[in-house]
>>> print(open('final_31.tsv').read())   # TSV, C-alpha atoms
chain	number	residue	atom	x	y	z
I	1	MET	CA	19.94	12.19	-67.07
I	2	ARG	CA	16.34	12.98	-67.96
I	3	TYR	CA	14.57	10.65	-70.39
I	4	VAL	CA	14.15	13.50	-72.86
I	5	GLU	CA	17.92	14.11	-72.81
I	6	LYS	CA	18.60	10.42	-73.44
I	7	ALA	CA	16.02	10.45	-76.27
I	8	LYS	CA	17.77	13.46	-77.82
I	9	LYS	CA	21.15	11.65	-77.73
I	10	ILE	CA	19.69	8.50	-79.27
I	11	ALA	CA	17.85	10.50	-81.95
I	12	LYS	CA	21.02	12.40	-82.85
I	13	LYS	CA	23.07	9.20	-83.00
I	14	LYS	CA	20.48	7.60	-85.30
I	15	GLY	CA	20.00	10.71	-87.43
I	16	ILE	CA	16.34	11.06	-86.45
I	17	ALA	CA	15.01	14.60	-86.22
I	18	PHE	CA	13.64	15.47	-82.79
I	19	THR	CA	10.85	17.40	-84.51
I	20	HIS	CA	9.86	14.17	-86.29
I	21	ILE	CA	9.54	12.35	-82.96
I	22	SER	CA	7.41	15.19	-81.58
I	23	THR	CA	5.02	15.18	-84.51
I	24	GLU	CA	4.77	11.37	-84.54
I	25	LEU	CA	3.69	11.63	-80.91
I	26	GLY	CA	0.89	13.95	-82.03
I	27	LYS	CA	2.52	16.96	-80.40
I	28	SER	CA	3.85	20.24	-81.77
I	29	ARG	CA	7.17	20.16	-83.61
I	30	GLY	CA	8.91	21.85	-80.68
I	31	TYR	CA	7.30	19.77	-77.92
I	32	LEU	CA	10.40	17.75	-76.98
I	33	SER	CA	12.77	20.68	-77.46
I	34	GLU	CA	10.61	22.76	-75.10
I	35	MET	CA	10.89	19.98	-72.51
I	36	LEU	CA	14.67	20.13	-72.81
I	37	ALA	CA	14.74	23.90	-72.50
I	38	ASN	CA	12.30	24.07	-69.58
I	39	GLY	CA	13.78	21.29	-67.46
I	40	ARG	CA	10.75	19.02	-67.91
I	41	ASP	CA	10.86	15.34	-68.75
I	42	LEU	CA	8.87	12.84	-70.75
I	43	PRO	CA	5.84	11.49	-68.92
I	44	GLU	CA	6.25	7.79	-68.23
I	45	HIS	CA	3.20	6.92	-70.33
I	46	MET	CA	5.01	8.27	-73.41
I	47	LEU	CA	8.24	6.32	-72.95
I	48	ALA	CA	7.12	3.27	-74.91
I	49	ASP	CA	6.03	5.40	-77.88
I	50	VAL	CA	9.26	7.41	-77.89
I	51	ALA	CA	11.35	4.26	-77.57
I	52	SER	CA	9.45	2.67	-80.44
I	53	LEU	CA	9.98	5.72	-82.66
I	54	LEU	CA	13.68	5.63	-81.82
I	55	GLU	CA	13.75	1.85	-82.43
I	56	VAL	CA	15.13	1.11	-78.95
I	57	SER	CA	13.70	-0.53	-75.84
I	58	VAL	CA	12.23	1.49	-72.99
I	59	ALA	CA	15.14	0.18	-70.90
I	60	ASP	CA	17.57	1.70	-73.43
I	61	LEU	CA	15.76	5.01	-73.07
I	62	THR	CA	15.57	4.98	-69.29
I	63	GLY	CA	18.98	3.45	-68.71
I	64	GLU	CA	17.40	0.71	-66.61
I	65	LYS	CA	17.72	-3.01	-67.11
I	66	GLU	CA	14.74	-4.93	-68.43
I	67	ASN	CA	12.62	-6.19	-65.55
I	68	PRO	CA	12.45	-9.98	-65.94
I	69	ALA	CA	9.82	-10.13	-63.19
I	70	SER	CA	7.35	-8.34	-65.45
I	71	VAL	CA	7.49	-11.10	-68.07
I	72	ASP	CA	7.09	-14.78	-67.30
I	73	ALA	CA	9.11	-17.57	-68.90
I	74	GLY	CA	6.60	-17.87	-71.74
I	75	GLY	CA	6.94	-14.23	-72.65
I	76	ALA	CA	3.53	-13.22	-71.26
I	77	VAL	CA	3.15	-9.78	-69.76
I	78	ASP	CA	2.50	-9.52	-66.01
I	79	THR	CA	-0.89	-7.81	-66.17
I	80	ALA	CA	-1.10	-7.31	-62.42
I	81	LYS	CA	2.18	-5.37	-62.44
I	82	MET	CA	1.02	-3.28	-65.38
I	83	LEU	CA	-2.23	-2.41	-63.59
I	84	ALA	CA	-0.31	-1.54	-60.43
I	85	ASP	CA	1.90	0.77	-62.48
I	86	LEU	CA	-1.18	2.44	-63.96
I	87	ASP	CA	-2.43	3.16	-60.43
I	88	LYS	CA	0.67	5.34	-59.95
I	89	LEU	CA	-0.38	7.71	-62.76
I	90	SER	CA	-2.27	10.93	-62.15
I	91	THR	CA	-5.73	11.24	-63.65
I	92	LYS	CA	-4.35	13.39	-66.49
I	93	GLU	CA	-1.50	10.95	-67.20
I	94	LEU	CA	-3.93	8.03	-67.16
I	95	ALA	CA	-6.27	9.84	-69.58
I	96	ASP	CA	-3.33	10.61	-71.90
I	97	PHE	CA	-2.22	6.98	-71.69
I	98	TYR	CA	-5.73	5.80	-72.54
I	99	GLU	CA	-5.79	8.06	-75.60
I	100	ASP	CA	-2.39	6.75	-76.73
I	101	VAL	CA	-3.50	3.13	-76.33
I	102	PHE	CA	-6.77	3.80	-78.14
I	103	GLU	CA	-4.90	5.40	-81.06
I	104	LYS	CA	-2.54	2.40	-81.29
I	105	LEU	CA	-5.52	0.04	-81.21
I	106	LYS	CA	-7.25	1.97	-84.02
I	107	LYS	CA	-4.07	1.80	-86.14
I	108	ARG	CA	-3.65	-1.91	-85.47
I	109	VAL	CA	-7.27	-2.67	-86.39
I	110	ALA	CA	-6.95	-0.57	-89.55
I	111	ASN	CA	-3.88	-2.59	-90.60
I	112	GLU	CA	-5.52	-6.00	-90.09
>>> encode(input="final_31.tsv", output="structure tokens")
Amino acid sequence: MRYVEKAKKIAKKKGIAFTHISTELGKSRGYLSEMLANGRDLPEHMLADVASLLEVSVADLTGEKENPASVDAGGAVDTAKMLADLDKLSTKELADFYEDVFEKLKKRVANE
């Protein structure tokens, strides 16, 4: 099952409008519905944002188990693994990811 299909099921179950998720992502209201209709899927760099908006974990969205190797016993993130994962992204995906992170950082700073 594509991530976007899983997101649609979760959103429906929780009573969250798919158009709301699309607009919260900074996309057009029909962005996610167009993905469904056109056989496309969510880019990996958007999974964390979609999961957050649906109030689930990325693992819930992807159907995978949490990767305990990416977090040490103290709860710290494995930065080396994260950087290796970023190397797998295309230039466009990496630029989109950067923009998403920058927006989150701006919001966080504004709320402090």
>>> closest_residue(input="final_31.tsv", among="I:Leu54, I:Met46, I:Ala95, I:Leu89", to="His20 in chain I", atoms="only C-alpha atoms")
I:Leu54
>>> atom_distance(input="final_31.tsv", atom1="CA of Lys27 in chain I", atom2="CA of Leu86 in chain I")
22.2 Å
>>> residues_near_point(input="final_31.tsv", point="(12.6, 6.5, -86.1)", cutoff="10 Å", atoms="all atoms listed in the file", output="MDAnalysis selection string")
chainID I and resid 11 14:18 20:21 24 50:56
>>> write_last_selection(input="final_31.tsv", atoms="C-alpha atoms", output="mmCIF file, in the frame of the given file")
data_model
loop_
_atom_site.group_PDB
_atom_site.id
_atom_site.type_symbol
_atom_site.label_atom_id
_atom_site.label_comp_id
_atom_site.auth_asym_id
_atom_site.auth_seq_id
_atom_site.Cartn_x
_atom_site.Cartn_y
_atom_site.Cartn_z
ATOM 1 C CA ALA I 11 17.850 10.500 -81.950
ATOM 2 C CA LYS I 14 20.480 7.600 -85.300
ATOM 3 C CA GLY I 15 20.000 10.710 -87.430
ATOM 4 C CA ILE I 16 16.340 11.060 -86.450
ATOM 5 C CA ALA I 17 15.010 14.600 -86.220
ATOM 6 C CA PHE I 18 13.640 15.470 -82.790
ATOM 7 C CA HIS I 20 9.860 14.170 -86.290
ATOM 8 C CA ILE I 21 9.540 12.350 -82.960
ATOM 9 C CA GLU I 24 4.770 11.370 -84.540
ATOM 10 C CA VAL I 50 9.260 7.410 -77.890
ATOM 11 C CA ALA I 51 11.350 4.260 -77.570
ATOM 12 C CA SER I 52 9.450 2.670 -80.440
ATOM 13 C CA LEU I 53 9.980 5.720 -82.660
ATOM 14 C CA LEU I 54 13.680 5.630 -81.820
ATOM 15 C CA GLU I 55 13.750 1.850 -82.430
ATOM 16 C CA VAL I 56 15.130 1.110 -78.950
#
>>> residues_around(input="final_31.tsv", residues="His45 in chain I", least_positions_apart="6", cutoff="10 Å", atoms="only C-alpha atoms", output="PDB file with C-alpha atoms, in the coordinates of the input")
ATOM      1  CA  LEU I  86      -1.180   2.440 -63.960  1.00  0.00           C
ATOM      2  CA  LEU I  89      -0.380   7.710 -62.760  1.00  0.00           C
ATOM      3  CA  GLU I  93      -1.500  10.950 -67.200  1.00  0.00           C
ATOM      4  CA  LEU I  94      -3.930   8.030 -67.160  1.00  0.00           C
ATOM      5  CA  ALA I  95      -6.270   9.840 -69.580  1.00  0.00           C
ATOM      6  CA  ASP I  96      -3.330  10.610 -71.900  1.00  0.00           C
ATOM      7  CA  PHE I  97      -2.220   6.980 -71.690  1.00  0.00           C
ATOM      8  CA  TYR I  98      -5.730   5.800 -72.540  1.00  0.00           C
ATOM      9  CA  ASP I 100      -2.390   6.750 -76.730  1.00  0.00           C
ATOM     10  CA  VAL I 101      -3.500   3.130 -76.330  1.00  0.00           C
TER      11      VAL I 101
END
>>> atom_distance(input="final_31.tsv", atom1="CA of Asp49 in chain I", atom2="CA of Lys104 in chain I")
9.7 Å
>>> closest_residue(input="final_31.tsv", among="I:Lys106, I:Lys9, I:Lys81, I:Lys92", to="Leu36 in chain I", atoms="all atoms listed in the file")
I:Lys9
>>> atom_distance(input="final_31.tsv", atom1="CA of Asn38 in chain I", atom2="CA of Gly63 in chain I")
21.7 Å
>>> closest_residue(input="final_31.tsv", among="I:Phe102, I:Arg40, I:Glu34, I:Lys6", to="Thr19 in chain I", atoms="only C-alpha atoms")
I:Glu34
>>> closest_residue(input="final_31.tsv", among="I:Thr62, I:Asn111, I:Thr79, I:Thr91", to="Glu5 in chain I", atoms="all atoms listed in the file")
I:Thr62
>>> closest_residue(input="final_31.tsv", among="I:Lys88, I:Lys13, I:Arg29, I:Arg108", to="Glu44 in chain I", atoms="all atoms listed in the file")
I:Lys88
>>> axis_aligned_box(input="final_31.tsv", around="range 84-87 of chain I", padding_each_side="5 Å", output="lines of an AutoDock Vina configuration file")
center_x = -0.3
center_y = 0.8
center_z = -62.2
size_x = 14.3
size_y = 14.7
size_z = 13.5
